Amino acid sequence: VVLATGGCTWKSKSLGGDVNTGDGQLFGAEVGAKLSGMEFSSFFGIVPKATSMDKNGYFGFATFTREDGSEIEGQLFGSRAPLLKAALAGDVFAQFDRAPGHLRATMRAAMPNFFMVMDKLGTDPFARRFPIDFVLEGTVRGTGGLKVVDSECWTGVHGLFAAGDTVSRELIVGGATGAGAPNAAWAVSSGTWAGRAAARHARVVHGRRSSLVGTGGAGIRPAKGDGAEGAWREVLRAVQAETHSIAVNVFRTDERLRGSLVRLERLWREARAFLGGELDEQLRSRECAAMIAMARWAYASALVRTETRAMHTREDHPATDEAQRHRILSGGLDVVWTRVDTGEAVPERLAS
């Protein structure tokens, strides 16, 4: 099996991201795969207000201002903390006034979908400022995901490989965002490597007898039977309240993280017990279960990284600690665990 289900945006309405709910990561964890870098999951993309157009590249040419016109020091490719802090206090605006005049026609031609949206809004982003908003892009623009243990994208679980945003991209971008090009290159490369390795693996084990057992739990096989129809809707709102909040997910503190984890643990127990159903109901239930799991791994990892590094911001630990230049592994279902990645030996690929 190659898991290639993408990352998780917790259904934030980012462009094309609502199908990315962490399903593959939950499937992997259910059979013993580990995750890595889940604390680097708090990336909020910039969108023109009231749209989902989270193409961020050209915001590197922007000046950001508050409603009164005062400039905000934050920038696209540096720390976004000042921008996000300003957004908590009021409206934020952008204008691409730093773009050289002779390049503006080229910029329009290079990213037509962005400018189509701006044209529909009746705004020339080069000539005047426009209101912006922030949308959670989670581990899609973030970097956390399943850990692969070798260059063929094997997860360490017999017969299970992973690719693309399902995998942690710390190996190529650290704790920063892979944005467009690195993530796209990784998707193509890892998909090729994982596909080839899985095919070789299948040829080697062909003909062996194996006993297959269904492992999907939360959202598929509720422990106490299906709850009320549509129960997933309230669960979705509850998990989004923990993850979509800039105050909680970006400006992290021990108190905020622990409070969220308490609420997420309660949600997980309820999902394990009652979330399920048939057809579309089961699909939505499973998505919610995966989003809860992803949030628990993310916040548990964020809790133990007591420093500020890359996109992970701890208000109670604002400095970067050189003693924490390590990756943090996480996993577990009913009991979430975290530990420092010490580079344990890679297990044997095939069972004898």
# chains A, B, ... in the order shown; residues from 1 in each chain; ligands from 1
>>> closest_atom_pairs(of="range 123-159 of chain A", to="range 4-24 of chain A", cutoff="6 Å", atoms="only C-alpha atoms", output="JSON lines")
{"residue": "A:Leu136", "atom": "CA", "partner": "A:Ser12", "partner_atom": "CA", "distance": 5.8}
{"residue": "A:Glu137", "atom": "CA", "partner": "A:Thr9", "partner_atom": "CA", "distance": 4.9}
{"residue": "A:Gly138", "atom": "CA", "partner": "A:Thr9", "partner_atom": "CA", "distance": 4.7}
{"residue": "A:Thr139", "atom": "CA", "partner": "A:Gly7", "partner_atom": "CA", "distance": 5.1}
{"residue": "A:Val140", "atom": "CA", "partner": "A:Gly7", "partner_atom": "CA", "distance": 4.8}
>>> write_last_selection(atoms="C-alpha atoms", output="compact mmCIF listing (two decimals), in the first residue's frame")
# COMPACT_ATOMS: atom_id res chain seq x y z
CA LEU A 136 -5.16 27.50 7.91
CA GLU A 137 -3.13 25.38 5.49
CA GLY A 138 -1.95 23.04 8.22
CA THR A 139 0.36 20.25 7.15
CA VAL A 140 -0.24 20.92 3.45
>>> residues_around(residues="Ala127 in chain A", least_positions_apart="2", cutoff="10 Å", atoms="only C-alpha atoms", output="mmCIF file with all heavy atoms, in the first residue's frame")
data_model
loop_
_atom_site.group_PDB
_atom_site.id
_atom_site.type_symbol
_atom_site.label_atom_id
_atom_site.label_comp_id
_atom_site.auth_asym_id
_atom_site.auth_seq_id
_atom_site.Cartn_x
_atom_site.Cartn_y
_atom_site.Cartn_z
ATOM 1 N N GLN A 95 -0.792 45.459 -0.474
ATOM 2 C CA GLN A 95 -0.702 46.069 -1.805
ATOM 3 C C GLN A 95 0.644 45.671 -2.409
ATOM 4 O O GLN A 95 1.672 45.755 -1.744
ATOM 5 C CB GLN A 95 -0.801 47.600 -1.733
ATOM 6 C CG GLN A 95 -0.740 48.276 -3.107
ATOM 7 C CD GLN A 95 -0.895 49.781 -3.009
ATOM 8 O OE1 GLN A 95 -1.452 50.299 -2.030
ATOM 9 N NE2 GLN A 95 -0.415 50.500 -4.011
ATOM 10 N N PHE A 96 0.621 45.234 -3.672
ATOM 11 C CA PHE A 96 1.850 44.781 -4.328
ATOM 12 C C PHE A 96 2.631 45.975 -4.887
ATOM 13 O O PHE A 96 3.043 45.988 -6.041
ATOM 14 C CB PHE A 96 1.518 43.806 -5.455
ATOM 15 C CG PHE A 96 0.839 42.532 -4.998
ATOM 16 C CD1 PHE A 96 0.166 41.732 -5.911
ATOM 17 C CD2 PHE A 96 0.877 42.124 -3.678
ATOM 18 C CE1 PHE A 96 -0.467 40.567 -5.505
ATOM 19 C CE2 PHE A 96 0.255 40.961 -3.252
ATOM 20 C CZ PHE A 96 -0.422 40.172 -4.173
ATOM 21 N N ASP A 97 2.876 46.957 -4.053
ATOM 22 C CA ASP A 97 3.531 48.172 -4.520
ATOM 23 C C ASP A 97 5.038 48.028 -4.650
ATOM 24 O O ASP A 97 5.703 48.924 -5.184
ATOM 25 C CB ASP A 97 3.204 49.349 -3.590
ATOM 26 C CG ASP A 97 3.512 49.039 -2.126
ATOM 27 O OD1 ASP A 97 3.794 47.875 -1.798
ATOM 28 O OD2 ASP A 97 3.448 49.979 -1.301
ATOM 29 N N THR A 123 -10.361 44.810 -8.054
ATOM 30 C CA THR A 123 -9.200 45.393 -7.382
ATOM 31 C C THR A 123 -7.939 45.188 -8.209
ATOM 32 O O THR A 123 -7.668 44.073 -8.659
ATOM 33 C CB THR A 123 -9.004 44.742 -5.997
ATOM 34 O OG1 THR A 123 -10.125 45.035 -5.182
ATOM 35 C CG2 THR A 123 -7.752 45.268 -5.318
ATOM 36 N N ASP A 124 -7.183 46.249 -8.397
ATOM 37 C CA ASP A 124 -5.846 46.158 -8.986
ATOM 38 C C ASP A 124 -4.860 46.120 -7.823
ATOM 39 O O ASP A 124 -4.609 47.146 -7.182
ATOM 40 C CB ASP A 124 -5.561 47.364 -9.877
ATOM 41 C CG ASP A 124 -4.170 47.311 -10.497
ATOM 42 O OD1 ASP A 124 -3.379 46.403 -10.139
ATOM 43 O OD2 ASP A 124 -3.851 48.185 -11.333
ATOM 44 N N PRO A 125 -4.288 44.945 -7.523
ATOM 45 C CA PRO A 125 -3.440 44.834 -6.322
ATOM 46 C C PRO A 125 -2.153 45.638 -6.403
ATOM 47 O O PRO A 125 -1.507 45.876 -5.376
ATOM 48 C CB PRO A 125 -3.147 43.336 -6.245
ATOM 49 C CG PRO A 125 -3.268 42.853 -7.650
ATOM 50 C CD PRO A 125 -4.362 43.669 -8.268
ATOM 51 N N ARG A 129 -4.473 49.110 -2.106
ATOM 52 C CA ARG A 129 -4.449 48.030 -1.114
ATOM 53 C C ARG A 129 -5.814 47.335 -1.063
ATOM 54 O O ARG A 129 -6.847 47.912 -1.432
ATOM 55 C CB ARG A 129 -4.059 48.577 0.258
ATOM 56 C CG ARG A 129 -5.088 49.479 0.914
ATOM 57 C CD ARG A 129 -4.590 49.943 2.272
ATOM 58 N NE ARG A 129 -5.673 50.551 3.056
ATOM 59 C CZ ARG A 129 -5.671 50.676 4.368
ATOM 60 N NH1 ARG A 129 -4.630 50.240 5.062
ATOM 61 N NH2 ARG A 129 -6.684 51.230 5.012
ATOM 62 N N PHE A 130 -5.791 46.102 -0.600
ATOM 63 C CA PHE A 130 -7.002 45.301 -0.499
ATOM 64 C C PHE A 130 -6.968 44.516 0.807
ATOM 65 O O PHE A 130 -5.895 44.164 1.311
ATOM 66 C CB PHE A 130 -7.131 44.359 -1.707
ATOM 67 C CG PHE A 130 -5.949 43.445 -1.906
ATOM 68 C CD1 PHE A 130 -5.936 42.153 -1.387
ATOM 69 C CD2 PHE A 130 -4.837 43.885 -2.621
ATOM 70 C CE1 PHE A 130 -4.850 41.308 -1.576
ATOM 71 C CE2 PHE A 130 -3.740 43.045 -2.811
ATOM 72 C CZ PHE A 130 -3.744 41.755 -2.296
#
>>> atom_distance(atom1="CA of Trp186 in chain A", atom2="CA of Arg169 in chain A")
8.0 Å
>>> residues_around(residues="Asp254 in chain A", least_positions_apart="4", cutoff="9 Å", atoms="only C-alpha atoms", output="PyMOL selection string")
chain A and resi 258-259+302-303+306+314-316
>>> residues_around(residues="range 117-122 of chain A", least_positions_apart="6", cutoff="10 Å", atoms="only C-alpha atoms", output="ChimeraX atom specification")
/A:48-53,130
>>> residues_around(residues="Val235 in chain A", least_positions_apart="4", cutoff="9 Å", atoms="only C-alpha atoms", output="PDB file with C-alpha atoms, in the first residue's frame")
ATOM      1  CA  ALA A 231     -23.183  13.768  14.709  1.00  0.00           C
ATOM      2  CA  VAL A 239     -12.090  20.328  16.263  1.00  0.00           C
ATOM      3  CA  GLN A 240     -12.028  23.431  14.052  1.00  0.00           C
ATOM      4  CA  LEU A 267     -13.566  14.538  21.286  1.00  0.00           C
ATOM      5  CA  GLU A 270     -16.544  10.371  21.697  1.00  0.00           C
ATOM      6  CA  ALA A 271     -15.416   9.666  18.135  1.00  0.00           C
ATOM      7  CA  SER A 285     -17.139  10.575  10.382  1.00  0.00           C
ATOM      8  CA  CYS A 288     -13.465  14.016  11.566  1.00  0.00           C
ATOM      9  CA  ALA A 289     -11.702  11.215  13.418  1.00  0.00           C
ATOM     10  CA  ILE A 292      -8.954  14.993  15.734  1.00  0.00           C
TER      11      ILE A 292
END
>>> decode(residues="range 190-284 of chain A", atoms="C-alpha atoms", output="mmCIF file, in the first residue's frame")
data_model
loop_
_atom_site.group_PDB
_atom_site.id
_atom_site.type_symbol
_atom_site.label_atom_id
_atom_site.label_comp_id
_atom_site.auth_asym_id
_atom_site.auth_seq_id
_atom_site.Cartn_x
_atom_site.Cartn_y
_atom_site.Cartn_z
ATOM 1 C CA SER A 190 8.329 10.437 -3.409
ATOM 2 C CA GLY A 191 5.423 9.061 -5.410
ATOM 3 C CA THR A 192 7.863 7.578 -7.914
ATOM 4 C CA TRP A 193 10.136 6.110 -5.245
ATOM 5 C CA ALA A 194 7.308 4.728 -3.123
ATOM 6 C CA GLY A 195 5.494 3.264 -6.143
ATOM 7 C CA ARG A 196 8.594 1.470 -7.408
ATOM 8 C CA ALA A 197 9.455 0.152 -3.953
ATOM 9 C CA ALA A 198 5.902 -1.051 -3.319
ATOM 10 C CA ALA A 199 5.863 -2.848 -6.674
ATOM 11 C CA ARG A 200 9.155 -4.594 -5.880
ATOM 12 C CA HIS A 201 7.866 -5.504 -2.446
ATOM 13 C CA ALA A 202 4.681 -6.966 -3.936
ATOM 14 C CA ARG A 203 6.687 -9.149 -6.325
ATOM 15 C CA VAL A 204 8.818 -10.488 -3.481
ATOM 16 C CA VAL A 205 5.886 -11.399 -1.243
ATOM 17 C CA HIS A 206 3.663 -12.647 -4.087
ATOM 18 C CA GLY A 207 2.238 -16.040 -3.295
ATOM 19 C CA ARG A 208 2.860 -15.856 0.432
ATOM 20 C CA ARG A 209 -0.159 -16.602 2.561
ATOM 21 C CA SER A 210 -1.158 -13.718 4.779
ATOM 22 C CA SER A 211 -3.984 -13.054 7.173
ATOM 23 C CA LEU A 212 -5.623 -9.675 6.572
ATOM 24 C CA VAL A 213 -7.393 -7.905 9.395
ATOM 25 C CA GLY A 214 -9.302 -4.651 9.078
ATOM 26 C CA THR A 215 -7.674 -2.023 11.278
ATOM 27 C CA GLY A 216 -9.783 1.113 10.741
ATOM 28 C CA GLY A 217 -11.290 2.155 14.061
ATOM 29 C CA ALA A 218 -12.524 5.646 14.865
ATOM 30 C CA GLY A 219 -15.149 6.849 12.412
ATOM 31 C CA ILE A 220 -15.481 3.407 10.807
ATOM 32 C CA ARG A 221 -16.103 0.893 13.578
ATOM 33 C CA PRO A 222 -17.436 2.781 16.615
ATOM 34 C CA ALA A 223 -16.925 0.905 19.852
ATOM 35 C CA LYS A 224 -20.432 1.552 21.178
ATOM 36 C CA GLY A 225 -22.415 1.709 17.959
ATOM 37 C CA ASP A 226 -23.338 4.540 15.620
ATOM 38 C CA GLY A 227 -24.488 7.728 17.278
ATOM 39 C CA ALA A 228 -27.091 10.145 15.974
ATOM 40 C CA GLU A 229 -27.133 10.831 12.243
ATOM 41 C CA GLY A 230 -25.098 13.913 11.419
ATOM 42 C CA ALA A 231 -23.183 13.768 14.709
ATOM 43 C CA TRP A 232 -19.977 14.452 12.776
ATOM 44 C CA ARG A 233 -21.066 18.048 12.131
ATOM 45 C CA GLU A 234 -20.775 19.049 15.774
ATOM 46 C CA VAL A 235 -17.482 17.164 16.046
ATOM 47 C CA LEU A 236 -16.155 19.049 13.019
ATOM 48 C CA ARG A 237 -17.081 22.398 14.558
ATOM 49 C CA ALA A 238 -15.411 21.408 17.815
ATOM 50 C CA VAL A 239 -12.090 20.328 16.263
ATOM 51 C CA GLN A 240 -12.028 23.431 14.052
ATOM 52 C CA ALA A 241 -12.487 25.608 17.140
ATOM 53 C CA GLU A 242 -9.174 24.219 18.399
ATOM 54 C CA THR A 243 -7.221 24.357 15.128
ATOM 55 C CA HIS A 244 -8.519 27.386 13.192
ATOM 56 C CA SER A 245 -7.827 29.789 16.037
ATOM 57 C CA ILE A 246 -4.748 31.938 15.364
ATOM 58 C CA ALA A 247 -4.577 32.750 19.065
ATOM 59 C CA VAL A 248 -4.263 29.062 19.973
ATOM 60 C CA ASN A 249 -2.561 27.472 16.974
ATOM 61 C CA VAL A 250 -0.005 30.189 16.174
ATOM 62 C CA PHE A 251 0.685 31.937 19.467
ATOM 63 C CA ARG A 252 1.143 28.786 21.472
ATOM 64 C CA THR A 253 1.654 28.560 25.215
ATOM 65 C CA ASP A 254 1.747 25.655 27.633
ATOM 66 C CA GLU A 255 -1.646 26.646 29.026
ATOM 67 C CA ARG A 256 -3.351 26.984 25.623
ATOM 68 C CA LEU A 257 -1.922 23.744 24.290
ATOM 69 C CA ARG A 258 -2.879 21.757 27.380
ATOM 70 C CA GLY A 259 -6.389 23.217 27.347
ATOM 71 C CA SER A 260 -6.855 22.244 23.702
ATOM 72 C CA LEU A 261 -5.495 18.768 24.305
ATOM 73 C CA VAL A 262 -7.997 18.180 27.112
ATOM 74 C CA ARG A 263 -10.854 19.098 24.785
ATOM 75 C CA LEU A 264 -9.396 17.079 21.910
ATOM 76 C CA GLU A 265 -9.003 14.010 24.126
ATOM 77 C CA ARG A 266 -12.699 14.215 24.984
ATOM 78 C CA LEU A 267 -13.566 14.538 21.286
ATOM 79 C CA TRP A 268 -11.430 11.510 20.464
ATOM 80 C CA ARG A 269 -13.146 9.357 23.075
ATOM 81 C CA GLU A 270 -16.544 10.371 21.697
ATOM 82 C CA ALA A 271 -15.416 9.666 18.135
ATOM 83 C CA ARG A 272 -14.101 6.238 19.118
ATOM 84 C CA ALA A 273 -17.370 5.421 20.812
ATOM 85 C CA PHE A 274 -20.018 6.774 18.463
ATOM 86 C CA LEU A 275 -18.786 8.218 15.137
ATOM 87 C CA GLY A 276 -19.640 5.996 12.194
ATOM 88 C CA GLY A 277 -22.544 5.411 9.859
ATOM 89 C CA GLU A 278 -22.956 4.311 6.270
ATOM 90 C CA LEU A 279 -21.726 5.716 2.943
ATOM 91 C CA ASP A 280 -21.326 9.525 3.098
ATOM 92 C CA GLU A 281 -22.027 9.563 6.821
ATOM 93 C CA GLN A 282 -19.141 7.170 7.405
ATOM 94 C CA LEU A 283 -16.842 9.162 5.117
ATOM 95 C CA ARG A 284 -17.485 12.383 7.064
#
